[in-house]
>>> print(open('target16.txt').read())   # compact mmCIF, C-alpha atoms and all ligand atoms
# COMPACT_ATOMS: atom_id res chain seq x y z
CA MET A 1 85.73 41.06 72.78
CA HIS A 2 86.33 44.19 70.80
CA ASP A 3 83.56 46.78 70.59
CA VAL A 4 83.26 48.01 67.01
CA VAL A 5 80.80 50.54 65.62
CA LEU A 6 78.87 49.04 62.69
CA ILE A 7 77.19 51.28 60.14
CA PRO A 8 75.35 49.12 57.57
CA GLY A 9 74.87 52.08 55.22
CA ASP A 10 72.77 52.63 52.11
CA GLY A 11 71.94 50.72 48.93
CA ILE A 12 73.71 47.35 49.00
CA GLY A 13 75.12 48.20 52.46
CA PRO A 14 72.65 46.15 54.53
CA GLU A 15 73.08 43.08 52.28
CA ILE A 16 76.88 43.02 52.43
CA THR A 17 76.74 43.83 56.16
CA GLN A 18 74.56 40.78 56.73
CA ALA A 19 77.15 38.68 54.87
CA VAL A 20 80.01 39.98 57.02
CA THR A 21 78.24 39.65 60.37
CA SER A 22 77.10 36.09 59.63
CA ILE A 23 80.62 35.06 58.63
CA PHE A 24 82.14 36.76 61.70
CA GLN A 25 79.69 34.93 63.91
CA GLU A 26 80.40 31.57 62.30
CA ALA A 27 84.17 32.18 62.55
CA GLY A 28 83.89 33.13 66.21
CA ALA A 29 85.44 36.55 65.58
CA PRO A 30 85.66 38.32 68.96
CA VAL A 31 83.80 41.43 67.86
CA ASN A 32 80.80 43.03 69.54
CA TRP A 33 78.95 45.21 67.04
CA ILE A 34 77.57 48.58 68.13
CA ARG A 35 74.98 49.26 65.42
CA CYS A 36 74.57 52.87 64.28
CA SER A 37 73.08 54.63 61.30
CA ALA A 38 74.39 57.21 58.84
CA GLY A 39 73.93 58.30 55.24
CA LEU A 40 70.84 58.81 53.10
CA GLY A 41 68.77 56.37 55.17
CA ALA A 42 69.55 58.26 58.37
CA PHE A 43 68.81 61.54 56.61
CA GLU A 44 65.40 60.32 55.45
CA GLU A 45 64.49 58.83 58.84
CA GLN A 46 66.00 61.34 61.24
CA GLY A 47 66.68 64.40 59.11
CA ASN A 48 70.42 64.07 59.70
CA PRO A 49 72.84 61.98 57.62
CA LEU A 50 75.26 61.83 60.56
CA PRO A 51 73.18 61.50 63.76
CA ASP A 52 74.69 62.52 67.11
CA GLU A 53 74.40 58.95 68.49
CA THR A 54 76.60 57.73 65.66
CA LEU A 55 79.17 60.45 66.24
CA ASP A 56 79.11 59.76 69.99
CA ALA A 57 79.65 56.03 69.41
CA PHE A 58 82.52 56.72 67.04
CA GLU A 59 84.00 59.19 69.52
CA ARG A 60 83.81 56.57 72.26
CA TYR A 61 84.93 53.36 70.49
CA ARG A 62 87.12 54.96 67.78
CA ILE A 63 86.83 52.02 65.45
CA ALA A 64 84.13 51.30 62.88
CA LEU A 65 83.12 49.07 60.02
CA LYS A 66 81.10 51.24 57.69
CA GLY A 67 78.97 50.24 54.70
CA PRO A 68 78.72 52.53 51.67
CA LEU A 69 76.79 55.77 52.13
CA THR A 70 74.87 57.46 49.34
CA THR A 71 75.85 61.09 48.75
CA PRO A 72 73.45 63.08 46.56
CA VAL A 73 75.08 64.31 43.34
CA GLY A 74 75.08 68.08 42.77
CA ALA A 75 72.92 69.57 45.52
CA GLY A 76 72.02 68.00 48.90
CA PHE A 77 74.02 67.16 51.99
CA ARG A 78 77.79 66.83 51.87
CA SER A 79 79.53 63.46 52.00
CA VAL A 80 79.36 61.81 55.42
CA ASN A 81 82.38 59.70 54.46
CA VAL A 82 84.49 62.79 53.88
CA GLU A 83 83.19 64.30 57.15
CA LEU A 84 84.09 61.21 59.21
CA ARG A 85 87.55 60.91 57.66
CA LYS A 86 88.23 64.56 58.39
CA ARG A 87 86.65 64.79 61.83
CA PHE A 88 88.59 61.80 63.17
CA GLN A 89 91.73 62.66 61.18
CA LEU A 90 91.76 59.29 59.44
CA TYR A 91 94.52 60.56 57.23
CA SER A 92 95.61 57.38 55.41
CA ASN A 93 93.09 55.72 53.14
CA ILE A 94 94.79 52.39 52.44
CA ARG A 95 93.39 50.48 49.48
CA PRO A 96 95.03 47.21 48.46
CA ALA A 97 94.28 45.70 45.04
CA LYS A 98 95.66 42.18 44.81
CA THR A 99 94.86 39.48 42.27
CA LEU A 100 92.57 36.88 43.83
CA PRO A 101 92.60 33.17 43.00
CA ASN A 102 89.99 31.93 40.49
CA ILE A 103 88.93 35.42 39.40
CA GLN A 104 88.99 36.26 35.72
CA SER A 105 90.65 39.61 35.01
CA ARG A 106 93.12 41.12 32.59
CA PHE A 107 96.13 40.44 34.80
CA ASP A 108 97.18 37.66 37.12
CA ASN A 109 99.95 39.43 39.02
CA VAL A 110 98.57 42.66 40.47
CA ASP A 111 99.62 43.51 44.02
CA LEU A 112 99.20 47.24 44.63
CA VAL A 113 98.53 49.21 47.78
CA MET A 114 97.17 52.72 47.39
CA PHE A 115 97.74 55.33 50.11
CA ARG A 116 95.25 58.12 49.48
CA GLU A 117 95.57 61.34 51.49
CA ASN A 118 92.21 61.49 53.19
CA THR A 119 91.73 64.87 54.87
CA GLU A 120 92.40 67.65 52.37
CA GLY A 121 93.14 68.25 48.67
CA LEU A 122 90.03 69.09 46.66
CA TYR A 123 87.80 67.40 49.26
CA ILE A 124 87.71 70.19 51.85
CA GLY A 125 84.35 71.44 50.60
CA LYS A 126 85.47 74.99 49.83
CA GLU A 127 83.38 75.58 46.72
CA ARG A 128 81.42 78.65 45.76
CA TRP A 129 79.60 80.35 42.99
CA ILE A 130 81.26 83.40 41.54
CA GLU A 131 78.12 83.74 39.44
CA GLU A 132 75.41 81.15 40.01
CA GLY A 133 74.94 78.74 37.11
CA ARG A 134 77.83 80.29 35.16
CA HIS A 135 81.02 80.40 37.14
CA ALA A 136 82.09 78.16 40.03
CA GLU A 137 85.26 77.87 42.03
CA SER A 138 86.72 75.06 44.12
CA ILE A 139 89.73 75.30 46.39
CA ALA A 140 92.33 72.60 46.95
CA VAL A 141 94.39 72.60 50.12
CA VAL A 142 97.68 70.78 50.54
CA THR A 143 99.67 71.20 53.73
CA ARG A 144 103.14 69.99 54.59
CA ASP A 145 101.91 68.26 57.77
CA ALA A 146 99.07 66.31 56.19
CA SER A 147 101.26 65.34 53.23
CA GLU A 148 104.08 64.20 55.45
CA ARG A 149 101.94 62.02 57.73
CA VAL A 150 100.38 60.02 54.88
CA ILE A 151 103.64 59.71 52.94
CA ARG A 152 105.45 58.59 56.09
CA ALA A 153 102.65 56.10 56.79
CA ALA A 154 103.18 54.65 53.30
CA PHE A 155 106.93 54.25 53.90
CA GLU A 156 106.38 52.70 57.33
CA TYR A 157 103.84 50.31 55.81
CA ALA A 158 106.38 49.39 53.13
CA ARG A 159 108.97 48.54 55.76
CA ALA A 160 106.56 46.64 57.99
CA ASN A 161 105.23 44.58 55.09
CA GLY A 162 108.44 43.86 53.20
CA ARG A 163 107.52 46.07 50.26
CA ARG A 164 110.21 47.62 48.09
CA LYS A 165 108.95 50.58 46.10
CA ILE A 166 106.86 53.71 46.54
CA THR A 167 105.47 55.71 43.63
CA LEU A 168 104.20 59.19 44.49
CA VAL A 169 101.56 60.44 42.05
CA HIS A 170 100.99 64.15 41.40
CA LYS A 171 100.26 66.83 38.82
CA ALA A 172 103.02 69.22 39.80
CA ASN A 173 103.62 70.37 36.24
CA ILE A 174 100.25 72.18 36.31
CA LEU A 175 99.38 72.46 40.03
CA LYS A 176 102.77 73.81 40.94
CA TYR A 177 101.96 74.81 44.52
CA THR A 178 99.54 72.13 45.76
CA SER A 179 100.79 69.09 43.88
CA GLY A 180 104.26 70.62 43.91
CA LEU A 181 104.29 70.73 47.70
CA PHE A 182 103.09 67.13 47.98
CA ARG A 183 105.88 66.03 45.65
CA GLU A 184 108.49 68.07 47.49
CA VAL A 185 107.54 66.53 50.84
CA GLY A 186 107.64 63.07 49.23
CA ALA A 187 111.23 63.53 48.14
CA GLU A 188 112.22 64.72 51.63
CA VAL A 189 110.56 61.80 53.42
CA ALA A 190 112.07 59.35 50.92
CA ASP A 191 115.55 60.43 52.08
CA ASP A 192 114.77 58.86 55.48
CA TYR A 193 114.10 55.48 53.84
CA PRO A 194 117.11 54.62 51.67
CA ASP A 195 116.08 50.94 51.77
CA ILE A 196 112.91 51.68 49.75
CA THR A 197 112.98 52.63 46.08
CA TYR A 198 111.21 55.92 45.45
CA GLU A 199 109.91 57.54 42.28
CA ASP A 200 107.27 60.07 41.32
CA LEU A 201 104.98 60.16 38.30
CA ILE A 202 102.44 62.56 36.84
CA VAL A 203 98.90 61.27 37.34
CA ASP A 204 97.79 61.00 33.71
CA ASN A 205 100.86 58.99 32.83
CA MET A 206 100.29 56.87 35.95
CA ALA A 207 96.76 56.00 34.79
CA MET A 208 98.18 54.66 31.53
CA GLN A 209 101.07 52.85 33.27
CA MET A 210 98.71 51.12 35.71
CA VAL A 211 96.49 49.86 32.91
CA MET A 212 99.45 48.63 30.82
CA TYR A 213 101.97 47.45 33.43
CA PRO A 214 100.37 47.13 36.88
CA GLU A 215 103.09 44.67 37.93
CA ARG A 216 105.63 47.51 37.95
CA TYR A 217 103.96 49.19 40.93
CA ASP A 218 103.95 48.32 44.59
CA ILE A 219 102.83 51.13 46.90
CA ILE A 220 101.28 54.28 45.48
CA VAL A 221 100.84 57.44 47.54
CA THR A 222 98.83 60.38 46.28
CA THR A 223 96.45 63.22 47.08
CA ASN A 224 92.74 62.76 47.78
CA LEU A 225 91.09 63.05 44.35
CA PHE A 226 93.79 61.22 42.40
CA GLY A 227 93.69 58.45 44.99
CA ASP A 228 89.91 58.17 44.68
CA ILE A 229 90.10 57.77 40.91
CA LEU A 230 93.17 55.54 40.74
CA SER A 231 91.83 53.17 43.41
CA ASP A 232 88.71 52.44 41.34
CA LEU A 233 91.08 51.91 38.41
CA ALA A 234 93.13 49.49 40.54
CA SER A 235 89.92 47.62 41.44
CA GLY A 236 89.22 47.24 37.72
CA LEU A 237 92.63 45.63 37.22
CA ILE A 238 91.76 42.72 39.51
CA GLY A 239 88.14 42.12 38.52
CA GLY A 240 86.05 45.04 39.71
CA LEU A 241 84.77 47.07 42.61
CA GLY A 242 83.30 44.02 44.30
CA LEU A 243 86.80 42.92 45.30
CA THR A 244 88.67 45.78 47.01
CA GLY A 245 88.58 46.69 50.67
CA ALA A 246 89.88 49.81 52.35
CA ALA A 247 91.05 51.10 55.72
CA ASN A 248 90.90 54.73 56.86
CA ILE A 249 93.57 54.99 59.53
CA GLY A 250 94.47 57.87 61.83
CA ASP A 251 96.66 58.06 64.92
CA ASP A 252 93.84 57.24 67.34
CA ALA A 253 90.87 56.07 65.25
CA ALA A 254 90.16 53.78 62.31
CA MET A 255 87.26 53.13 59.95
CA PHE A 256 87.01 50.23 57.52
CA GLU A 257 84.88 50.28 54.38
CA ALA A 258 84.83 48.98 50.80
CA VAL A 259 86.23 51.08 47.95
CA HIS A 260 82.87 50.88 46.18
CA GLY A 261 79.72 52.90 46.84
CA SER A 262 76.10 52.00 47.56
CA ALA A 263 75.52 50.57 44.04
CA PRO A 264 71.88 51.70 43.76
CA ASP A 265 71.58 49.89 40.40
CA ILE A 266 71.74 46.49 42.12
CA ALA A 267 70.55 47.32 45.67
CA GLY A 268 67.99 44.99 47.23
CA GLN A 269 68.53 42.26 44.61
CA ASN A 270 70.89 39.99 46.56
CA LYS A 271 73.45 40.50 43.77
CA ALA A 272 76.12 42.56 45.50
CA ASN A 273 79.50 40.95 45.87
CA PRO A 274 80.30 40.95 49.59
CA ILE A 275 84.02 40.26 49.07
CA ALA A 276 85.14 43.92 49.06
CA PHE A 277 83.41 44.58 52.37
CA LEU A 278 84.66 41.26 53.74
CA LEU A 279 88.24 42.15 52.84
CA SER A 280 87.72 45.51 54.61
CA SER A 281 86.51 43.61 57.67
CA LEU A 282 89.64 41.43 57.54
CA MET A 283 91.73 44.62 57.56
CA LEU A 284 89.76 45.51 60.69
CA LEU A 285 90.60 42.15 62.28
CA HIS A 286 94.31 42.62 61.50
CA HIS A 287 94.10 46.10 63.02
CA LEU A 288 92.69 44.46 66.18
CA LYS A 289 95.56 41.94 66.08
CA GLU A 290 93.10 39.11 65.47
CA ASP A 291 95.28 37.73 62.69
CA ASP A 292 94.33 34.08 63.10
CA THR A 293 90.62 34.74 62.63
CA ALA A 294 91.36 37.02 59.66
CA ASP A 295 93.53 34.34 58.02
CA LYS A 296 90.91 31.68 58.60
CA ILE A 297 88.19 33.76 56.90
CA ARG A 298 90.52 34.76 54.05
CA GLN A 299 91.32 31.12 53.40
CA SER A 300 87.64 30.30 53.30
CA ILE A 301 86.97 33.14 50.83
CA TYR A 302 89.72 31.78 48.56
CA THR A 303 88.31 28.26 48.75
CA THR A 304 84.82 29.53 48.01
CA LEU A 305 86.00 31.45 44.93
CA ALA A 306 86.68 28.13 43.19
CA ASP A 307 82.95 27.36 43.14
CA LYS A 308 81.33 29.69 40.64
CA THR A 309 77.84 28.41 41.41
CA VAL A 310 77.89 30.35 44.70
CA CYS A 311 79.74 33.50 43.53
CA THR A 312 77.98 36.72 42.54
CA PRO A 313 77.36 37.69 38.87
CA ASP A 314 79.95 40.52 38.76
CA ILE A 315 82.71 37.89 38.93
CA GLY A 316 81.04 35.46 36.56
CA GLY A 317 79.17 33.51 39.21
CA ALA A 318 75.64 32.12 39.18
CA GLY A 319 75.01 32.73 42.89
CA THR A 320 73.95 35.58 45.17
CA THR A 321 75.25 37.62 48.10
CA SER A 322 73.71 35.06 50.45
CA THR A 323 74.89 31.91 48.67
CA PHE A 324 78.45 33.27 48.76
CA ALA A 325 78.23 34.14 52.46
CA GLU A 326 76.72 30.74 53.30
CA ALA A 327 79.47 28.96 51.39
CA VAL A 328 82.18 30.97 53.17
CA CYS A 329 80.60 29.97 56.51
CA LYS A 330 80.54 26.32 55.45
CA ASN A 331 84.15 26.39 54.17
CA LEU A 332 85.44 27.81 57.46
CA SER A 333 85.64 24.36 58.95
P1 LIG B 401 79.40 52.44 43.07
O1 LIG B 401 80.75 52.03 43.54
O2 LIG B 401 78.29 52.36 44.05
O3 LIG B 401 79.00 51.53 41.81
C1 LIG B 401 79.72 51.53 40.59
C2 LIG B 401 79.39 50.27 39.79
O4 LIG B 401 80.00 49.14 40.42
C3 LIG B 401 77.90 49.97 39.73
O5 LIG B 401 77.58 49.41 38.48
C4 LIG B 401 77.69 48.93 40.83
O6 LIG B 401 76.62 48.05 40.60
C5 LIG B 401 79.03 48.18 40.80
N1 LIG B 401 79.37 47.68 42.14
C6 LIG B 401 79.80 48.42 43.19
N2 LIG B 401 79.98 47.64 44.26
C7 LIG B 401 79.65 46.39 43.91
C8 LIG B 401 79.61 45.14 44.58
N3 LIG B 401 79.96 45.00 45.87
N4 LIG B 401 79.21 44.03 43.89
C9 LIG B 401 78.86 44.13 42.60
N5 LIG B 401 78.88 45.28 41.90
C10 LIG B 401 79.26 46.40 42.55
O7 LIG B 401 79.56 53.91 42.49
P2 LIG B 401 78.45 54.98 42.04
O8 LIG B 401 77.32 54.31 41.39
O9 LIG B 401 79.22 56.00 41.34
O10 LIG B 401 77.95 55.62 43.41
C11 LIG B 401 76.73 55.27 44.06
C12 LIG B 401 76.64 56.02 45.39
O11 LIG B 401 77.65 55.54 46.28
C13 LIG B 401 76.84 57.54 45.29
O12 LIG B 401 75.87 58.14 46.12
C14 LIG B 401 78.22 57.77 45.86
O13 LIG B 401 78.34 59.02 46.48
C15 LIG B 401 78.31 56.66 46.87
N6 LIG B 401 79.69 56.24 47.19
C16 LIG B 401 79.98 56.00 48.50
C17 LIG B 401 81.23 55.55 48.86
C18 LIG B 401 81.48 55.26 50.30
O14 LIG B 401 80.56 55.17 51.09
N7 LIG B 401 82.73 55.10 50.71
C19 LIG B 401 82.29 55.35 47.87
C20 LIG B 401 81.87 55.58 46.50
C21 LIG B 401 80.62 56.04 46.19
MG MG B 402 85.61 56.49 45.27
>>> encode(input="target16.txt", output="C-alpha cells")
Amino acid sequence: MHDVVLIPGDGIGPEITQAVTSIFQEAGAPVNWIRCSAGLGAFEEQGNPLPDETLDAFERYRIALKGPLTTPVGAGFRSVNVELRKRFQLYSNIRPAKTLPNIQSRFDNVDLVMFRENTEGLYIGKERWIEEGRHAESIAVVTRDASERVIRAAFEYARANGRRKITLVHKANILKYTSGLFREVGAEVADDYPDITYEDLIVDNMAMQMVMYPERYDIIVTTNLFGDILSDLASGLIGGLGLTGAANIGDDAAMFEAVHGSAPDIAGQNKANPIAFLLSSLMLLHHLKEDDTADKIRQSIYTTLADKTVCTPDIGGAGTTSTFAEAVCKNLS
C-alpha cells in the first residue's frame, strides 16, 4: 500500500475526487488515501487556505493527488497551488495532451508533453503598487539553476520515453534577461543530448504554430506563465480542459492534479468530466511504479469513451460524472 495525501479541493473537486477514488477501489489500486483539506473551502471553514495538518501530511508522505483549488481573483489569499509547488520545489509541471479515442476535436494526431517551470518566473508573488489604483509593478525571476533543472528533466523524459524533439518557448526578443537566460540555458543543456532534436521559438509564434500544426511538436519546455497559457491551449487541441492531467514533480516530492481549475460554473451539477483528474491519478500510479493498474484503468477509460450515453456533456456525451465513473468501474473487468 502506498500512502498518498488526497486533497479533494473546491468547486468540481469533490465530484471528480469521488470518481477517482471509486475507480481506484474497484481496480484494486494499492493506495491508502490520507484525506486533507486546502483552498477556498479550508479558508472558509478554518480561516486558512493551507492548514498546518495538510502541510504536515505533505511533508511526511511527500506525494499527493490534489483537486482544483479556487484562488480569488484580484484581492484575497495567494494561490495555494503556487505555494505548494514552490514550498516542495516541484519544479517540473508535466502536462501531456494526447488525442484520445472517440473524442471529437480539431485534430486526430496530437501528442504533446508540456514541461512548465513551476517555481519562479512571474509567479513568485513579487507585486506592488507604485501608486495604488494607478501604477503596479510585477517582478519576474529566472535563475540558471531552476531553468536548468526543468530543461534537463524535459530532456531526460524525452530519452526515457523515446521522444525525439524538444521545443523551448520564450520571449527573449523582448525579455532579454529573463527569457534570454532561459533560452541560453536551453541551448547549453541541449548540447548534452545530441540524440534529441532541439529548437526554440518565440511564444506568440508558438501559439499560432500549435493551433495550426500541433503534430510538429513533441516536448515543449517553457517558463511558468507561458506554460500555464499554452497548456490550456494544448487541452483545447484535444477536446478541452476535461481531458488533460498534470504532474508536479520535484526531486523528493510529487503532486498530481488536473490542468483545469475548480470550474465554479458547473460545480455541484454532476457535469464535470472526471477524465482529466483520472489521467492525473494514472500519472500518480506510474510514479508509484504501479504500471499494471494504471494501464488497466486507462484501457477501461478508452473503452468507456466509445459509449457517449455515459460521457459528460463537454465531450458530447449525454451522461454525468457518476455515470462515466460507474461505466469505467464496470469496464475494468
Ligand atoms: P477552469 O479550468 O476552472 O474552467 C474553465 C472552463 O472549463 C469552464 O467553463 C469550466 O466549466 C470548464 N471545465 C474545466 N474543467 C472541466 C471539467 N473537468 N469538465 C468539464 N468542464 C470543465 O478555469 P477558471 O474558470 O478560469 O478558474 C476557476 C477557478 O479555478 C479559479 O479560482 C482559478 O484560480 C482556479 N484554478 C485552479 C487550478 C488548480 O487548482 N490547479 C488551475 C486553474 C484554475
Ligand atoms: Mg492554468
>>> residues_around(input="target16.txt", residues="A:Ile23", least_positions_apart="6", cutoff="8 Å", atoms="all atoms listed in the file", output="number ranges by chain")
A: 297, 325-326, 328-329
>>> residues_around(input="target16.txt", residues="A:Thr222", least_positions_apart="5", cutoff="7 Å", atoms="only C-alpha atoms", output="ChimeraX atom specification")
/A:115-117,168-170,227
>>> closest_residue(input="target16.txt", among="A:Leu55, A:Thr71, A:Asn32, A:Leu112", to="A:Tyr213", atoms="all atoms listed in the file")
A:Leu112
>>> axis_aligned_box(input="target16.txt", around="ligand LIG 401 (chain B)", padding_each_side="5 Å", output="AutoDock Vina command-line options")
--center_x 79.3 --center_y 51.5 --center_z 44.8 --size_x 16.9 --size_y 25.0 --size_z 22.6
>>> closest_atom_pairs(input="target16.txt", of="chain A", to="ligand LIG 401 (chain B)", cutoff="9 Å", atoms="all atoms listed in the file", output="tab-separated table")
residue	atom	partner	partner_atom	distance
A:Gly9	CA	B:LIG401	O14	7.7
A:Asp10	CA	B:LIG401	O11	8.1
A:Gly11	CA	B:LIG401	C12	7.9
A:Ile12	CA	B:LIG401	N3	7.4
A:Gly13	CA	B:LIG401	N3	8.8
A:Ile16	CA	B:LIG401	N3	7.5
A:Gly39	CA	B:LIG401	O14	8.4
A:Leu40	CA	B:LIG401	O12	8.6
A:Lys66	CA	B:LIG401	O14	7.7
A:Gly67	CA	B:LIG401	O14	6.3
A:Pro68	CA	B:LIG401	O14	3.3
A:Leu69	CA	B:LIG401	O14	4.0
A:Thr70	CA	B:LIG401	O12	3.4
A:Thr71	CA	B:LIG401	O12	4.0
A:Pro72	CA	B:LIG401	O12	5.5
A:Val73	CA	B:LIG401	O12	6.8
A:Ser79	CA	B:LIG401	O13	7.2
A:Val80	CA	B:LIG401	O14	8.0
A:Asn81	CA	B:LIG401	O14	5.9
A:Val82	CA	B:LIG401	N7	8.5
A:Asp228	CA	B:LIG401	C20	8.6
A:Asp232	CA	B:LIG401	O1	8.3
A:Gly240	CA	B:LIG401	O4	7.3
A:Leu241	CA	B:LIG401	N2	5.1
A:Gly242	CA	B:LIG401	N3	3.8
A:Leu243	CA	B:LIG401	N3	7.2
A:Thr244	CA	B:LIG401	N3	8.8
A:Glu257	CA	B:LIG401	N7	6.4
A:Ala258	CA	B:LIG401	N7	6.5
A:Val259	CA	B:LIG401	C19	5.8
A:His260	CA	B:LIG401	O1	3.6
A:Gly261	CA	B:LIG401	O2	3.2
A:Ser262	CA	B:LIG401	O11	4.1
A:Ala263	CA	B:LIG401	O2	3.3
A:Pro264	CA	B:LIG401	C11	6.0
A:Asp265	CA	B:LIG401	O6	5.4
A:Ile266	CA	B:LIG401	O6	5.3
A:Ala267	CA	B:LIG401	O6	7.9
A:Lys271	CA	B:LIG401	C9	6.6
A:Ala272	CA	B:LIG401	N4	3.8
A:Asn273	CA	B:LIG401	N4	3.7
A:Pro274	CA	B:LIG401	N3	5.5
A:Ile275	CA	B:LIG401	N3	7.0
A:Ala276	CA	B:LIG401	N3	6.2
A:Phe277	CA	B:LIG401	N3	7.4
A:Thr312	CA	B:LIG401	C9	7.5
A:Pro313	CA	B:LIG401	C9	7.6
A:Asp314	CA	B:LIG401	C9	5.4
A:Ile315	CA	B:LIG401	C9	8.2
A:Thr321	CA	B:LIG401	N4	8.6
>>> closest_residue(input="target16.txt", among="A:Phe43, A:Leu230, A:Ala247, A:Gly268", to="ligand MG 402 (chain B)", atoms="all atoms listed in the file")
A:Leu230
>>> closest_residue(input="target16.txt", among="A:Ile130, A:Ala29, A:Ala97, A:Val20", to="A:Pro214", atoms="all atoms listed in the file")
A:Ala97
>>> residues_around(input="target16.txt", residues="A:Tyr91", least_positions_apart="5", cutoff="10 Å", atoms="only C-alpha atoms", output="MDAnalysis selection string")
chainID A and resid 85:86 115:120 146:147 149:150 153 224 248:251 253:254
>>> write_last_selection(input="target16.txt", atoms="C-alpha atoms", output="mmCIF file, in the frame of the given file")
data_model
loop_
_atom_site.group_PDB
_atom_site.id
_atom_site.type_symbol
_atom_site.label_atom_id
_atom_site.label_comp_id
_atom_site.auth_asym_id
_atom_site.auth_seq_id
_atom_site.Cartn_x
_atom_site.Cartn_y
_atom_site.Cartn_z
ATOM 1 C CA ARG A 85 87.550 60.910 57.660
ATOM 2 C CA LYS A 86 88.230 64.560 58.390
ATOM 3 C CA PHE A 115 97.740 55.330 50.110
ATOM 4 C CA ARG A 116 95.250 58.120 49.480
ATOM 5 C CA GLU A 117 95.570 61.340 51.490
ATOM 6 C CA ASN A 118 92.210 61.490 53.190
ATOM 7 C CA THR A 119 91.730 64.870 54.870
ATOM 8 C CA GLU A 120 92.400 67.650 52.370
ATOM 9 C CA ALA A 146 99.070 66.310 56.190
ATOM 10 C CA SER A 147 101.260 65.340 53.230
ATOM 11 C CA ARG A 149 101.940 62.020 57.730
ATOM 12 C CA VAL A 150 100.380 60.020 54.880
ATOM 13 C CA ALA A 153 102.650 56.100 56.790
ATOM 14 C CA ASN A 224 92.740 62.760 47.780
ATOM 15 C CA ASN A 248 90.900 54.730 56.860
ATOM 16 C CA ILE A 249 93.570 54.990 59.530
ATOM 17 C CA GLY A 250 94.470 57.870 61.830
ATOM 18 C CA ASP A 251 96.660 58.060 64.920
ATOM 19 C CA ALA A 253 90.870 56.070 65.250
ATOM 20 C CA ALA A 254 90.160 53.780 62.310
#
>>> residues_near_point(input="target16.txt", point="(101.1, 67.1, 48.1)", cutoff="10 Å", atoms="all atoms listed in the file", output="JSON, numbers by chain")
{"A": [117, 120, 121, 141, 142, 143, 144, 145, 146, 147, 148, 150, 151, 168, 169, 170, 171, 172, 175, 176, 177, 178, 179, 180, 181, 182, 183, 184, 185, 186, 221, 222, 223, 224]}
>>> closest_residue(input="target16.txt", among="A:Ala19, A:Phe226, A:Leu233, A:Arg87", to="A:Thr320", atoms="all atoms listed in the file")
A:Ala19
>>> closest_residue(input="target16.txt", among="A:Ser105, A:Ser231, A:Asn173, A:Thr303", to="ligand MG 402 (chain B)", atoms="only C-alpha atoms and all ligand atoms")
A:Ser231
>>> atom_distance(input="target16.txt", atom1="atom CA of A:Glu127", atom2="atom CA of A:Leu225")
14.9 Å
>>> residues_around(input="target16.txt", residues="A:Phe155", least_positions_apart="5", cutoff="12 Å", atoms="only C-alpha atoms", output="number ranges by chain")
A: 92, 113-115, 148-150, 160-168, 186-198, 218-221
>>> residues_around(input="target16.txt", residues="A:Cys36", least_positions_apart="3", cutoff="8 Å", atoms="all atoms listed in the file", output="PyMOL selection string")
chain A and resi 5-8+53-54+57
>>> closest_residue(input="target16.txt", among="A:Tyr123, A:Tyr217, A:Phe324, A:Tyr157", to="ligand MG 402 (chain B)", atoms="only C-alpha atoms and all ligand atoms")
A:Tyr123
>>> atom_distance(input="target16.txt", atom1="atom CA of A:Glu137", atom2="atom CA of A:Ile229")
20.7 Å
>>> atom_distance(input="target16.txt", atom1="atom CA of A:Ala327", atom2="atom CA of A:Thr309")
10.1 Å
>>> residues_near_point(input="target16.txt", point="(87.7, 56.3, 64.9)", cutoff="7 Å", atoms="only C-alpha atoms", output="JSON, numbers by chain")
{"A": [58, 59, 61, 62, 63, 64, 88, 252, 253, 254, 255]}
>>> decode(input="target16.txt", residues="stretch 31-39 of chain A", atoms="N, CA, C and O atoms", output="JSON list (two decimals), in the first residue's frame")
[["chain", "number", "residue", "atom", "x", "y", "z"],
["A", 31, "VAL", "N", -3.51, 1.97, -2.98],
["A", 31, "VAL", "CA", -3.30, 3.33, -2.48],
["A", 31, "VAL", "C", -4.16, 3.54, -1.25],
["A", 31, "VAL", "O", -5.35, 3.22, -1.24],
["A", 32, "ASN", "N", -3.54, 4.07, -0.21],
["A", 32, "ASN", "CA", -4.26, 4.42, 1.02],
["A", 32, "ASN", "C", -4.34, 5.94, 1.09],
["A", 32, "ASN", "O", -3.32, 6.62, 1.21],
["A", 33, "TRP", "N", -5.54, 6.49, 0.96],
["A", 33, "TRP", "CA", -5.69, 7.94, 0.90],
["A", 33, "TRP", "C", -5.61, 8.58, 2.28],
["A", 33, "TRP", "O", -6.29, 8.14, 3.21],
["A", 34, "ILE", "N", -4.82, 9.63, 2.40],
["A", 34, "ILE", "CA", -4.78, 10.44, 3.62],
["A", 34, "ILE", "C", -5.51, 11.74, 3.27],
["A", 34, "ILE", "O", -4.96, 12.61, 2.58],
["A", 35, "ARG", "N", -6.76, 11.86, 3.69],
["A", 35, "ARG", "CA", -7.58, 13.00, 3.27],
["A", 35, "ARG", "C", -7.22, 14.28, 4.01],
["A", 35, "ARG", "O", -7.12, 14.29, 5.23],
["A", 36, "CYS", "N", -7.03, 15.35, 3.26],
["A", 36, "CYS", "CA", -6.67, 16.65, 3.83],
["A", 36, "CYS", "C", -7.45, 17.73, 3.10],
["A", 36, "CYS", "O", -7.98, 17.51, 2.02],
["A", 37, "SER", "N", -7.48, 18.93, 3.68],
["A", 37, "SER", "CA", -8.20, 20.00, 3.01],
["A", 37, "SER", "C", -7.28, 21.16, 2.69],
["A", 37, "SER", "O", -6.24, 21.37, 3.34],
["A", 38, "ALA", "N", -7.67, 21.91, 1.65],
["A", 38, "ALA", "CA", -6.93, 23.12, 1.25],
["A", 38, "ALA", "C", -7.82, 23.90, 0.30],
["A", 38, "ALA", "O", -8.80, 23.36, -0.22],
["A", 39, "GLY", "N", -7.49, 25.18, 0.12],
["A", 39, "GLY", "CA", -8.21, 26.00, -0.84],
["A", 39, "GLY", "C", -9.27, 26.88, -0.20],
["A", 39, "GLY", "O", -9.25, 27.13, 1.01]]
